[in-house]
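Shown below: model20.cif, with mmCIF, C-alpha atoms and all ligand atoms.
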data_data
#
loop_
_atom_site.group_PDB
_atom_site.id
_atom_site.type_symbol
_atom_site.label_atom_id
_atom_site.label_comp_id
_atom_site.auth_asym_id
_atom_site.auth_seq_id
_atom_site.Cartn_x
_atom_site.Cartn_y
_atom_site.Cartn_z
ATOM 1 C CA MET B 2 7.556 25.388 5.479
ATOM 2 C CA GLU B 3 5.767 22.774 3.358
ATOM 3 C CA LYS B 4 6.493 22.329 -0.349
ATOM 4 C CA ILE B 5 3.586 20.440 -1.830
ATOM 5 C CA LEU B 6 3.446 18.542 -5.118
ATOM 6 C CA ILE B 7 0.005 17.921 -6.633
ATOM 7 C CA ILE B 8 -0.069 15.244 -9.337
ATOM 8 C CA GLY B 9 -3.267 15.459 -11.382
ATOM 9 C CA ALA B 10 -3.892 19.130 -10.533
ATOM 10 C CA ALA B 11 -6.090 19.646 -13.598
ATOM 11 C CA GLY B 12 -8.620 17.031 -12.503
ATOM 12 C CA GLN B 13 -11.877 17.245 -10.598
ATOM 13 C CA ILE B 14 -10.320 16.899 -7.119
ATOM 14 C CA GLY B 15 -6.888 18.300 -7.976
ATOM 15 C CA SER B 16 -8.111 21.644 -9.272
ATOM 16 C CA GLU B 17 -9.986 22.418 -6.036
ATOM 17 C CA LEU B 18 -7.468 20.920 -3.629
ATOM 18 C CA THR B 19 -4.648 22.901 -5.268
ATOM 19 C CA MET B 20 -6.437 26.199 -4.649
ATOM 20 C CA GLU B 21 -7.212 25.356 -1.017
ATOM 21 C CA LEU B 22 -3.643 24.213 -0.339
ATOM 22 C CA ARG B 23 -2.319 27.395 -1.957
ATOM 23 C CA ARG B 24 -4.565 29.439 0.328
ATOM 24 C CA ILE B 25 -3.203 27.584 3.375
ATOM 25 C CA HIS B 26 0.483 27.177 2.464
ATOM 26 C CA GLY B 27 1.113 30.062 0.034
ATOM 27 C CA ASN B 28 0.744 30.011 -3.759
ATOM 28 C CA GLU B 29 4.436 29.541 -4.464
ATOM 29 C CA ASN B 30 4.676 26.461 -2.203
ATOM 30 C CA VAL B 31 2.101 24.353 -4.022
ATOM 31 C CA PHE B 32 3.416 22.865 -7.283
ATOM 32 C CA ALA B 33 0.523 21.907 -9.532
ATOM 33 C CA THR B 34 1.351 19.303 -12.196
ATOM 34 C CA ASP B 35 -0.542 17.280 -14.771
ATOM 35 C CA ILE B 36 -0.174 15.745 -18.220
ATOM 36 C CA LYS B 37 -2.908 18.033 -19.524
ATOM 37 C CA ASP B 38 -3.471 21.740 -19.374
ATOM 38 C CA ALA B 39 -4.950 23.071 -16.138
ATOM 39 C CA PRO B 40 -7.708 25.673 -15.629
ATOM 40 C CA TYR B 41 -6.439 29.280 -15.815
ATOM 41 C CA TYR B 42 -6.800 29.824 -12.036
ATOM 42 C CA ILE B 43 -4.328 26.992 -11.403
ATOM 43 C CA ARG B 44 -1.866 28.189 -14.059
ATOM 44 C CA GLU B 45 -2.018 31.810 -12.963
ATOM 45 C CA SER B 46 -2.058 31.525 -9.190
ATOM 46 C CA GLY B 47 1.172 29.546 -8.713
ATOM 47 C CA PRO B 48 3.629 27.112 -10.284
ATOM 48 C CA PHE B 49 2.152 24.764 -12.886
ATOM 49 C CA GLN B 50 4.217 22.263 -14.865
ATOM 50 C CA PHE B 51 3.861 19.224 -17.052
ATOM 51 C CA LEU B 52 4.734 16.081 -15.078
ATOM 52 C CA ASP B 53 3.958 12.497 -16.044
ATOM 53 C CA VAL B 54 3.871 10.419 -12.852
ATOM 54 C CA MET B 55 4.590 7.295 -14.930
ATOM 55 C CA ASP B 56 8.057 8.750 -15.637
ATOM 56 C CA ASP B 57 9.754 7.805 -12.360
ATOM 57 C CA ARG B 58 13.045 9.552 -13.200
ATOM 58 C CA HIS B 59 11.373 12.859 -13.968
ATOM 59 C CA LEU B 60 9.273 12.459 -10.802
ATOM 60 C CA ILE B 61 12.239 11.941 -8.489
ATOM 61 C CA HIS B 62 14.174 14.832 -10.064
ATOM 62 C CA PHE B 63 11.160 17.099 -9.681
ATOM 63 C CA VAL B 64 10.741 16.127 -6.015
ATOM 64 C CA ILE B 65 14.428 16.617 -5.162
ATOM 65 C CA ARG B 66 14.845 19.844 -7.158
ATOM 66 C CA ASN B 67 11.824 21.484 -5.546
ATOM 67 C CA LYS B 68 12.492 20.112 -2.031
ATOM 68 C CA ILE B 69 8.999 18.609 -1.930
ATOM 69 C CA THR B 70 7.739 17.666 1.565
ATOM 70 C CA GLN B 71 4.221 16.409 0.722
ATOM 71 C CA ILE B 72 2.857 14.665 -2.372
ATOM 72 C CA TYR B 73 -0.828 14.485 -3.343
ATOM 73 C CA HIS B 74 -1.133 11.880 -6.082
ATOM 74 C CA LEU B 75 -4.581 12.348 -7.626
ATOM 75 C CA ALA B 76 -4.097 11.054 -11.184
ATOM 76 C CA ALA B 77 -6.127 7.931 -12.040
ATOM 77 C CA VAL B 78 -8.228 6.204 -14.666
ATOM 78 C CA LEU B 79 -11.784 6.171 -13.237
ATOM 79 C CA SER B 80 -14.164 3.214 -13.043
ATOM 80 C CA GLY B 81 -16.037 3.488 -16.351
ATOM 81 C CA ASN B 82 -12.953 4.156 -18.470
ATOM 82 C CA ALA B 83 -11.008 1.436 -16.664
ATOM 83 C CA GLU B 84 -13.533 -1.199 -17.800
ATOM 84 C CA LYS B 85 -12.882 -0.232 -21.428
ATOM 85 C CA LEU B 86 -9.100 -0.706 -21.192
ATOM 86 C CA PRO B 87 -8.535 -2.942 -18.158
ATOM 87 C CA LEU B 88 -4.819 -3.661 -18.492
ATOM 88 C CA GLN B 89 -3.875 -0.088 -19.330
ATOM 89 C CA ALA B 90 -5.963 1.205 -16.418
ATOM 90 C CA TRP B 91 -4.381 -1.321 -14.056
ATOM 91 C CA SER B 92 -0.913 -0.341 -15.216
ATOM 92 C CA ILE B 93 -1.546 3.412 -14.882
ATOM 93 C CA ASN B 94 -3.332 3.248 -11.527
ATOM 94 C CA MET B 95 -0.862 0.848 -9.912
ATOM 95 C CA ASN B 96 2.453 1.933 -11.420
ATOM 96 C CA SER B 97 1.805 5.596 -10.757
ATOM 97 C CA LEU B 98 1.105 4.821 -7.093
ATOM 98 C CA MET B 99 4.208 2.617 -6.810
ATOM 99 C CA ASN B 100 6.338 5.407 -8.343
ATOM 100 C CA VAL B 101 5.046 7.868 -5.753
ATOM 101 C CA LEU B 102 5.497 5.454 -2.834
ATOM 102 C CA GLU B 103 9.050 4.668 -3.955
ATOM 103 C CA VAL B 104 9.948 8.365 -4.218
ATOM 104 C CA ALA B 105 8.486 8.985 -0.757
ATOM 105 C CA LYS B 106 10.528 6.075 0.581
ATOM 106 C CA MET B 107 13.770 7.267 -1.046
ATOM 107 C CA VAL B 108 13.605 11.035 -0.567
ATOM 108 C CA GLU B 109 13.939 11.974 3.088
ATOM 109 C CA ASP B 110 12.350 15.421 2.712
ATOM 110 C CA VAL B 111 9.027 13.826 1.713
ATOM 111 C CA LYS B 112 7.119 13.466 4.974
ATOM 112 C CA LYS B 113 3.547 12.765 3.846
ATOM 113 C CA VAL B 114 1.689 11.342 0.873
ATOM 114 C CA PHE B 115 -1.995 11.591 0.041
ATOM 115 C CA TRP B 116 -3.586 9.136 -2.393
ATOM 116 C CA PRO B 117 -7.315 8.877 -3.063
ATOM 117 C CA SER B 118 -9.089 5.589 -2.582
ATOM 118 C CA SER B 119 -12.764 5.115 -3.373
ATOM 119 C CA ILE B 120 -16.038 3.422 -2.453
ATOM 120 C CA ALA B 121 -15.053 1.211 -5.414
ATOM 121 C CA VAL B 122 -12.940 -0.900 -3.002
ATOM 122 C CA PHE B 123 -16.270 -2.443 -1.967
ATOM 123 C CA GLY B 124 -18.094 -5.005 -4.065
ATOM 124 C CA PRO B 125 -21.319 -6.979 -4.368
ATOM 125 C CA SER B 126 -20.645 -9.024 -1.201
ATOM 126 C CA THR B 127 -20.068 -5.938 0.988
ATOM 127 C CA PRO B 128 -22.932 -4.884 3.324
ATOM 128 C CA LYS B 129 -24.661 -2.107 1.384
ATOM 129 C CA GLU B 130 -26.166 0.030 4.145
ATOM 130 C CA ASN B 131 -23.863 2.014 6.406
ATOM 131 C CA THR B 132 -20.913 0.114 4.978
ATOM 132 C CA PRO B 133 -18.355 -0.218 7.788
ATOM 133 C CA GLN B 134 -14.712 0.838 7.611
ATOM 134 C CA ILE B 135 -13.557 -2.761 8.039
ATOM 135 C CA THR B 136 -15.698 -5.216 6.095
ATOM 136 C CA ILE B 137 -15.738 -7.645 3.165
ATOM 137 C CA LYS B 138 -14.057 -6.133 0.120
ATOM 138 C CA GLU B 139 -14.389 -8.116 -3.081
ATOM 139 C CA PRO B 140 -14.497 -5.461 -5.798
ATOM 140 C CA ASN B 141 -15.299 -6.713 -9.286
ATOM 141 C CA THR B 142 -14.168 -3.698 -11.310
ATOM 142 C CA VAL B 143 -10.633 -2.995 -12.513
ATOM 143 C CA TYR B 144 -10.768 0.397 -10.833
ATOM 144 C CA GLY B 145 -11.943 -1.144 -7.547
ATOM 145 C CA ILE B 146 -9.298 -3.864 -7.661
ATOM 146 C CA SER B 147 -6.609 -1.224 -8.277
ATOM 147 C CA LYS B 148 -7.885 0.897 -5.376
ATOM 148 C CA LEU B 149 -7.989 -2.068 -3.000
ATOM 149 C CA ALA B 150 -4.502 -3.223 -4.034
ATOM 150 C CA GLY B 151 -3.348 0.394 -3.712
ATOM 151 C CA GLU B 152 -4.693 0.603 -0.163
ATOM 152 C CA ARG B 153 -2.796 -2.554 0.757
ATOM 153 C CA TRP B 154 0.424 -1.133 -0.739
ATOM 154 C CA CYS B 155 -0.027 2.151 1.143
ATOM 155 C CA ASP B 156 -0.371 0.235 4.393
ATOM 156 C CA TYR B 157 2.656 -1.897 3.474
ATOM 157 C CA TYR B 158 4.854 1.151 2.783
ATOM 158 C CA PHE B 159 3.798 2.666 6.090
ATOM 159 C CA ASN B 160 4.550 -0.503 8.068
ATOM 160 C CA GLN B 161 7.747 -1.513 6.278
ATOM 161 C CA TYR B 162 9.332 1.849 5.433
ATOM 162 C CA GLY B 163 7.523 4.413 7.595
ATOM 163 C CA VAL B 164 6.078 6.242 4.576
ATOM 164 C CA ASP B 165 3.250 8.306 6.091
ATOM 165 C CA VAL B 166 0.648 7.785 3.402
ATOM 166 C CA ARG B 167 -2.956 8.720 4.068
ATOM 167 C CA SER B 168 -6.047 8.042 2.055
ATOM 168 C CA ILE B 169 -9.798 8.558 1.834
ATOM 169 C CA ARG B 170 -12.388 6.337 0.166
ATOM 170 C CA TYR B 171 -14.189 9.122 -1.670
ATOM 171 C CA PRO B 172 -17.826 8.683 -2.582
ATOM 172 C CA GLY B 173 -19.054 10.160 -5.880
ATOM 173 C CA LEU B 174 -17.933 13.787 -5.830
ATOM 174 C CA ILE B 175 -20.127 16.623 -7.045
ATOM 175 C CA SER B 176 -18.490 19.871 -8.122
ATOM 176 C CA TYR B 177 -18.991 22.775 -10.524
ATOM 177 C CA LYS B 178 -15.379 23.843 -11.138
ATOM 178 C CA THR B 179 -13.893 20.893 -13.036
ATOM 179 C CA GLU B 180 -15.988 18.055 -14.388
ATOM 180 C CA PRO B 181 -15.017 14.442 -13.686
ATOM 181 C CA GLY B 182 -14.278 12.109 -16.588
ATOM 182 C CA GLY B 183 -14.968 8.426 -17.082
ATOM 183 C CA GLY B 184 -16.451 7.594 -13.680
ATOM 184 C CA THR B 185 -19.668 5.847 -12.687
ATOM 185 C CA THR B 186 -20.741 8.752 -10.490
ATOM 186 C CA ASP B 187 -20.238 11.330 -13.291
ATOM 187 C CA PHE B 188 -24.049 11.399 -13.693
ATOM 188 C CA ALA B 189 -24.270 13.332 -10.417
ATOM 189 C CA VAL B 190 -22.445 16.253 -12.075
ATOM 190 C CA GLU B 191 -23.743 15.882 -15.648
ATOM 191 C CA ILE B 192 -27.350 16.025 -14.405
ATOM 192 C CA TYR B 193 -26.887 19.652 -13.250
ATOM 193 C CA TYR B 194 -25.157 20.839 -16.444
ATOM 194 C CA GLU B 195 -27.773 19.197 -18.660
ATOM 195 C CA ALA B 196 -30.664 20.481 -16.534
ATOM 196 C CA ILE B 197 -29.390 24.034 -16.911
ATOM 197 C CA LYS B 198 -28.302 23.831 -20.553
ATOM 198 C CA ASN B 199 -31.048 21.628 -22.076
ATOM 199 C CA LYS B 200 -33.659 21.114 -19.346
ATOM 200 C CA LYS B 201 -33.378 17.393 -19.946
ATOM 201 C CA TYR B 202 -30.960 14.589 -19.184
ATOM 202 C CA THR B 203 -30.592 10.959 -20.216
ATOM 203 C CA CYS B 204 -29.131 9.202 -17.204
ATOM 204 C CA PHE B 205 -26.898 6.153 -17.696
ATOM 205 C CA LEU B 206 -28.069 4.715 -14.345
ATOM 206 C CA GLY B 207 -31.578 3.673 -13.331
ATOM 207 C CA LYS B 208 -33.908 5.984 -11.403
ATOM 208 C CA ASN B 209 -33.525 4.205 -8.034
ATOM 209 C CA THR B 210 -29.788 3.523 -8.042
ATOM 210 C CA ARG B 211 -28.684 4.740 -4.634
ATOM 211 C CA LEU B 212 -25.060 5.792 -4.223
ATOM 212 C CA PRO B 213 -22.978 7.634 -1.635
ATOM 213 C CA LEU B 214 -22.264 11.159 -2.895
ATOM 214 C CA MET B 215 -20.536 14.248 -1.541
ATOM 215 C CA PHE B 216 -20.250 17.934 -2.418
ATOM 216 C CA MET B 217 -16.646 18.861 -3.199
ATOM 217 C CA PRO B 218 -16.110 21.422 -0.373
ATOM 218 C CA ASP B 219 -16.783 18.580 2.103
ATOM 219 C CA ALA B 220 -14.270 16.343 0.314
ATOM 220 C CA VAL B 221 -11.601 19.057 0.285
ATOM 221 C CA ALA B 222 -12.165 19.790 3.985
ATOM 222 C CA ALA B 223 -11.993 16.067 4.853
ATOM 223 C CA THR B 224 -8.744 15.693 2.920
ATOM 224 C CA ILE B 225 -7.059 18.674 4.564
ATOM 225 C CA ALA B 226 -8.291 17.544 7.998
ATOM 226 C CA LEU B 227 -6.817 14.084 7.452
ATOM 227 C CA MET B 228 -3.493 15.492 6.277
ATOM 228 C CA GLU B 229 -3.302 17.821 9.290
ATOM 229 C CA THR B 230 -4.033 15.073 11.837
ATOM 230 C CA PRO B 231 -0.946 14.172 13.934
ATOM 231 C CA GLN B 232 0.578 10.913 12.738
ATOM 232 C CA ASP B 233 0.042 9.059 16.010
ATOM 233 C CA GLU B 234 -3.707 9.653 15.697
ATOM 234 C CA ILE B 235 -3.982 8.035 12.271
ATOM 235 C CA TYR B 236 -5.470 4.547 12.731
ATOM 236 C CA PHE B 237 -5.610 3.547 9.090
ATOM 237 C CA HIS B 238 -3.025 3.951 6.362
ATOM 238 C CA THR B 239 -5.345 2.137 3.949
ATOM 239 C CA GLY B 240 -8.273 4.498 3.324
ATOM 240 C CA TYR B 241 -10.831 6.193 5.558
ATOM 241 C CA ASN B 242 -14.543 5.854 4.826
ATOM 242 C CA ILE B 243 -16.166 9.268 4.505
ATOM 243 C CA ALA B 244 -19.851 10.025 3.960
ATOM 244 C CA GLY B 245 -21.737 12.999 2.589
ATOM 245 C CA PHE B 246 -25.280 12.026 1.592
ATOM 246 C CA SER B 247 -26.824 9.139 -0.314
ATOM 247 C CA SER B 248 -29.074 9.765 -3.263
ATOM 248 C CA THR B 249 -30.587 8.330 -6.446
ATOM 249 C CA PRO B 250 -30.860 9.947 -9.904
ATOM 250 C CA GLY B 251 -34.642 10.172 -9.298
ATOM 251 C CA GLU B 252 -34.181 12.081 -6.035
ATOM 252 C CA MET B 253 -31.602 14.352 -7.638
ATOM 253 C CA ALA B 254 -34.037 15.142 -10.461
ATOM 254 C CA ASP B 255 -36.730 16.024 -7.871
ATOM 255 C CA SER B 256 -34.343 18.340 -6.091
ATOM 256 C CA ILE B 257 -33.393 20.052 -9.404
ATOM 257 C CA ARG B 258 -37.096 20.512 -10.300
ATOM 258 C CA LYS B 259 -37.455 22.883 -7.344
ATOM 259 C CA TYR B 260 -35.376 25.320 -9.448
ATOM 260 C CA ILE B 261 -36.127 24.080 -12.975
ATOM 261 C CA PRO B 262 -39.724 22.719 -12.837
ATOM 262 C CA GLU B 263 -39.713 21.672 -16.516
ATOM 263 C CA PHE B 264 -36.606 19.462 -16.101
ATOM 264 C CA GLU B 265 -37.108 16.032 -17.672
ATOM 265 C CA ILE B 266 -35.032 12.961 -17.020
ATOM 266 C CA THR B 267 -35.009 9.617 -18.816
ATOM 267 C CA TYR B 268 -33.134 6.514 -17.758
ATOM 268 C CA VAL B 269 -31.095 4.433 -20.187
ATOM 269 C CA PRO B 270 -28.765 2.313 -18.039
ATOM 270 C CA ASP B 271 -25.510 1.244 -19.682
ATOM 271 C CA PHE B 272 -22.559 -0.898 -18.499
ATOM 272 C CA ARG B 273 -22.030 1.442 -15.554
ATOM 273 C CA GLN B 274 -25.283 0.229 -13.952
ATOM 274 C CA GLU B 275 -23.582 -3.003 -12.948
ATOM 275 C CA ILE B 276 -20.688 -1.080 -11.425
ATOM 276 C CA ALA B 277 -23.062 1.164 -9.455
ATOM 277 C CA ASP B 278 -25.041 -1.860 -8.257
ATOM 278 C CA SER B 279 -21.861 -3.371 -6.817
ATOM 279 C CA TRP B 280 -21.135 -0.282 -4.679
ATOM 280 C CA PRO B 281 -22.611 0.638 -1.263
ATOM 281 C CA ASP B 282 -25.788 2.673 -0.773
ATOM 282 C CA SER B 283 -24.455 4.500 2.276
ATOM 283 C CA ILE B 284 -21.241 4.686 4.285
ATOM 284 C CA ASP B 285 -20.376 4.594 7.978
ATOM 285 C CA ASP B 286 -17.614 7.169 8.459
ATOM 286 C CA HIS B 287 -17.380 7.443 12.249
ATOM 287 C CA TYR B 288 -13.620 6.813 12.232
ATOM 288 C CA ALA B 289 -12.973 9.773 9.927
ATOM 289 C CA ARG B 290 -15.267 11.973 11.988
ATOM 290 C CA SER B 291 -13.614 11.103 15.284
ATOM 291 C CA ASN B 292 -10.006 10.891 14.027
ATOM 292 C CA ASP B 293 -9.954 14.000 11.879
ATOM 293 C CA HIS B 294 -12.500 16.102 13.761
ATOM 294 C CA TRP B 295 -14.303 16.482 10.474
ATOM 295 C CA SER B 296 -17.941 16.129 9.474
ATOM 296 C CA SER B 297 -19.900 16.635 6.297
ATOM 297 C CA LYS B 298 -21.821 19.930 5.980
ATOM 298 C CA TYR B 299 -23.744 19.625 2.698
ATOM 299 C CA ASP B 300 -26.842 17.545 2.011
ATOM 300 C CA LEU B 301 -28.492 17.062 -1.388
ATOM 301 C CA GLU B 302 -30.644 20.194 -1.135
ATOM 302 C CA GLN B 303 -27.729 22.472 -0.244
ATOM 303 C CA THR B 304 -25.600 20.906 -2.966
ATOM 304 C CA THR B 305 -28.319 21.387 -5.595
ATOM 305 C CA LYS B 306 -28.821 25.032 -4.653
ATOM 306 C CA ILE B 307 -25.127 25.872 -4.986
ATOM 307 C CA MET B 308 -24.593 23.730 -8.100
ATOM 308 C CA ILE B 309 -27.444 25.462 -9.909
ATOM 309 C CA GLU B 310 -26.337 28.973 -8.883
ATOM 310 C CA GLU B 311 -22.704 28.372 -9.830
ATOM 311 C CA ILE B 312 -23.290 26.559 -13.120
ATOM 312 C CA ARG B 313 -25.737 29.301 -14.169
ATOM 313 C CA LYS B 314 -23.006 31.883 -13.532
ATOM 314 C CA LYS B 315 -20.526 29.822 -15.512
ATOM 315 C CA ILE B 316 -22.506 29.209 -18.704
HETATM 316 N N1 LIG W 401 -16.207 8.604 -8.782
HETATM 317 C C1 LIG W 401 -15.421 7.456 -9.058
HETATM 318 C C2 LIG W 401 -15.917 6.725 -10.247
HETATM 319 O O1 LIG W 401 -17.095 6.773 -10.480
HETATM 320 C C3 LIG W 401 -15.428 6.529 -7.883
HETATM 321 O O2 LIG W 401 -14.332 6.753 -7.087
HETATM 322 O O3 LIG W 401 -15.169 6.081 -10.897
#
Whole structure, structure tokens version:
Amino acid sequence: MEKILIIGAAGQIGSELTMELRRIHGNENVFATDIKDAPYYIRESGPFQFLDVMDDRHLIHFVIRNKITQIYHLAAVLSGNAEKLPLQAWSINMNSLMNVLEVAKMVEDVKKVFWPSSIAVFGPSTPKENTPQITIKEPNTVYGISKLAGERWCDYYFNQYGVDVRSIRYPGLISYKTEPGGGTTDFAVEIYYEAIKNKKYTCFLGKNTRLPLMFMPDAVAATIALMETPQDEIYFHTGYNIAGFSSTPGEMADSIRKYIPEFEITYVPDFRQEIADSWPDSIDDHYARSNDHWSSKYDLEQTTKIMIEEIRKKI
């Protein structure tokens, strides 16, 4: 029986992954943790505790005491926030990963680790269309540098110590349960909330900024599929490319107008424009699809339909 630790369970990915893992492995076997309070459905459906991943002693005690067999480390400072406090973001993103890798190396019960990478590992010199799995990676953001370094460390721990760490380079994730915070792709969630609440949105990226995006159920399914793949079928312990759909703020606004015809959008690009411009337009994910027997199910239109229905119910 698996005992799963989720670090960052109150976040955008963590809150949804926790519920899916509880459904699969049993509520009591999935230990949700964070340094902030979690949504009620996380707190009430199974164990939830305060855990700061930067505190390596607390982390190792927690893992040993609860006989943890898998760790999902989802806590991070996202791309926009990381540019405001580069050294702090570097320290949090890297040291938290190193603490988790060290625990996985030291504690024999821990058999698998999941850590999210990102399209931010790519940079301005990377081919932008159908960005391959293996290609030039010269990220120029603190977040991207930390994700690329993190990928290299994951691969190192696998090769040197046999730590079975697996990772996905998530595109911008769109979800209605928990909002993201401080990322460059946050616009792809904010646009729906603002369209429903105020019928207008000021986007911090330009109209034609194309980025790889994905609806959260696809991301959760890809993550579970990767973690369930037998170890000898895992080619990469760095991070797998995965692709949902590619879209621009202008195209997203058009798709929202099918439900809210009076929706107005204006474009006032800020510092995040440069970050977005350094990232790919679209992603080649054939390795993830063939390795994990996974494929994306939601395009922009399906995502918009569900986002609008669910956010309307919520507010
Ligand atoms: N969504 C993240 C961000 O914008 C990218 O991984 O920072």
Q: Name all residues at most 9 Å from Ala150 in chain B (count all atoms listed in the file; drop same-chain ones fewer than 4 positions away) and give them as a VMD selection string.
A: chain B and resid 95 122 145 to 146 154 to 155
Step by step, measure atom-to-atom distances between ligand LIG 401 (chain W) and each residue using all atoms listed in the file, keep those at most 9 Å, then write them as a PDB file with C-alpha atoms, keeping the file's coordinate frame.
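Writing the result to selection.pdb gives the following:
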ATOM      1  CA  VAL B  78      -8.228   6.204 -14.666  1.00  0.00           C
ATOM      2  CA  LEU B  79     -11.784   6.171 -13.237  1.00  0.00           C
ATOM      3  CA  SER B  80     -14.164   3.214 -13.043  1.00  0.00           C
ATOM      4  CA  GLY B  81     -16.037   3.488 -16.351  1.00  0.00           C
ATOM      5  CA  ASN B  82     -12.953   4.156 -18.470  1.00  0.00           C
ATOM      6  CA  ALA B  83     -11.008   1.436 -16.664  1.00  0.00           C
ATOM      7  CA  PRO B 117      -7.315   8.877  -3.063  1.00  0.00           C
ATOM      8  CA  SER B 118      -9.089   5.589  -2.582  1.00  0.00           C
ATOM      9  CA  SER B 119     -12.764   5.115  -3.373  1.00  0.00           C
ATOM     10  CA  ILE B 120     -16.038   3.422  -2.453  1.00  0.00           C
ATOM     11  CA  ALA B 121     -15.053   1.211  -5.414  1.00  0.00           C
ATOM     12  CA  VAL B 122     -12.940  -0.900  -3.002  1.00  0.00           C
ATOM     13  CA  TYR B 144     -10.768   0.397 -10.833  1.00  0.00           C
ATOM     14  CA  GLY B 145     -11.943  -1.144  -7.547  1.00  0.00           C
ATOM     15  CA  LYS B 148      -7.885   0.897  -5.376  1.00  0.00           C
ATOM     16  CA  ARG B 170     -12.388   6.337   0.166  1.00  0.00           C
ATOM     17  CA  TYR B 171     -14.189   9.122  -1.670  1.00  0.00           C
ATOM     18  CA  PRO B 172     -17.826   8.683  -2.582  1.00  0.00           C
ATOM     19  CA  GLY B 173     -19.054  10.160  -5.880  1.00  0.00           C
ATOM     20  CA  LEU B 174     -17.933  13.787  -5.830  1.00  0.00           C
ATOM     21  CA  PRO B 181     -15.017  14.442 -13.686  1.00  0.00           C
ATOM     22  CA  GLY B 182     -14.278  12.109 -16.588  1.00  0.00           C
ATOM     23  CA  GLY B 183     -14.968   8.426 -17.082  1.00  0.00           C
ATOM     24  CA  GLY B 184     -16.451   7.594 -13.680  1.00  0.00           C
ATOM     25  CA  THR B 185     -19.668   5.847 -12.687  1.00  0.00           C
ATOM     26  CA  THR B 186     -20.741   8.752 -10.490  1.00  0.00           C
ATOM     27  CA  ASP B 187     -20.238  11.330 -13.291  1.00  0.00           C
ATOM     28  CA  PHE B 188     -24.049  11.399 -13.693  1.00  0.00           C
ATOM     29  CA  LEU B 214     -22.264  11.159  -2.895  1.00  0.00           C
ATOM     30  CA  ARG B 273     -22.030   1.442 -15.554  1.00  0.00           C
ATOM     31  CA  ILE B 276     -20.688  -1.080 -11.425  1.00  0.00           C
ATOM     32  CA  ALA B 277     -23.062   1.164  -9.455  1.00  0.00           C
TER      33      ALA B 277
END
What lies within 12 Å of Glu103 in chain B using all atoms listed in the file, ignoring chain neighbours under 2 positions off, as a short mmCIF file (atom, residue, chain, number, x, y, z; two decimals) with C-alpha atoms, in the frame of the given file?
data_model
loop_
_atom_site.label_atom_id
_atom_site.label_comp_id
_atom_site.auth_asym_id
_atom_site.auth_seq_id
_atom_site.Cartn_x
_atom_site.Cartn_y
_atom_site.Cartn_z
CA VAL B 54 3.87 10.42 -12.85
CA ASP B 57 9.75 7.80 -12.36
CA ARG B 58 13.04 9.55 -13.20
CA LEU B 60 9.27 12.46 -10.80
CA ILE B 61 12.24 11.94 -8.49
CA VAL B 64 10.74 16.13 -6.02
CA ILE B 72 2.86 14.66 -2.37
CA ASN B 96 2.45 1.93 -11.42
CA SER B 97 1.80 5.60 -10.76
CA LEU B 98 1.10 4.82 -7.09
CA MET B 99 4.21 2.62 -6.81
CA ASN B 100 6.34 5.41 -8.34
CA VAL B 101 5.05 7.87 -5.75
CA ALA B 105 8.49 8.98 -0.76
CA LYS B 106 10.53 6.08 0.58
CA MET B 107 13.77 7.27 -1.05
CA VAL B 108 13.60 11.04 -0.57
CA GLU B 109 13.94 11.97 3.09
CA VAL B 111 9.03 13.83 1.71
CA VAL B 114 1.69 11.34 0.87
CA TRP B 154 0.42 -1.13 -0.74
CA CYS B 155 -0.03 2.15 1.14
CA TYR B 157 2.66 -1.90 3.47
CA TYR B 158 4.85 1.15 2.78
CA PHE B 159 3.80 2.67 6.09
CA TYR B 162 9.33 1.85 5.43
CA GLY B 163 7.52 4.41 7.60
CA VAL B 164 6.08 6.24 4.58
CA VAL B 166 0.65 7.78 3.40
#
Next on the checklist: From (-31.4, 22.0, -9.2), in the file's coordinates, out to 8 Å: which residues are reached, counting all atoms listed in the file? Answer as a list in words.
Outcome noted: Tyr193, Ala196, Met253, Ala254, Ser256, Ile257, Arg258, Lys259, Tyr260, Ile261, Thr305, Lys306, Met308 and Ile309 of chain B
I want to know what sits within 8 Å of Gly12 in chain B, based on all atoms listed in the file, with residues of the same chain fewer than 5 positions away left out; could you give that as a PyMOL selection string? chain B and resi 39+75-76+179-181
Could you write those residues out with C-alpha atoms, as a PDB file, in the frame of the given file?
ATOM      1  CA  ALA B  39      -4.950  23.071 -16.138  1.00  0.00           C
ATOM      2  CA  LEU B  75      -4.581  12.348  -7.626  1.00  0.00           C
ATOM      3  CA  ALA B  76      -4.097  11.054 -11.184  1.00  0.00           C
ATOM      4  CA  THR B 179     -13.893  20.893 -13.036  1.00  0.00           C
ATOM      5  CA  GLU B 180     -15.988  18.055 -14.388  1.00  0.00           C
ATOM      6  CA  PRO B 181     -15.017  14.442 -13.686  1.00  0.00           C
TER       7      PRO B 181
END
| said: For a test of reading the model, state the distance in Å between CA of Asp285 in chain B and CA of Leu206 in chain B, rounded to one decimal. | reply: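 Between CA of Asp285 in chain B and CA of Leu206 in chain B the gap is 23.6 Å.
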Which neighbours of Asn28 in chain B fall inside 10 Å, counting only C-alpha atoms, when residues of the same chain fewer than 4 positions from it are skipped, and could you give them as JSON, numbers by chain? {"B": [19, 20, 21, 22, 23, 24, 32, 33, 43, 45, 46, 47, 48]}
Q.
The residues within 12 Å of (-22.9, 32.0, -14.4), using all atoms listed in the file and the coordinates of the file, should be reported as a list in words; which are they?
A.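 Looking at atoms near the point gives Tyr177, Lys178, Tyr194, Ile197, Lys198, Ile307, Met308, Ile309, Glu310, Glu311, Ile312, Arg313, Lys314, Lys315 and Ile316 of chain B.
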- Any idea what's packed within 9 Å of Tyr236 in chain B, counting only C-alpha atoms, ignoring anything in its chain fewer than 2 positions away? Could you give it as number ranges by chain? B: 232-234, 238, 288, 292
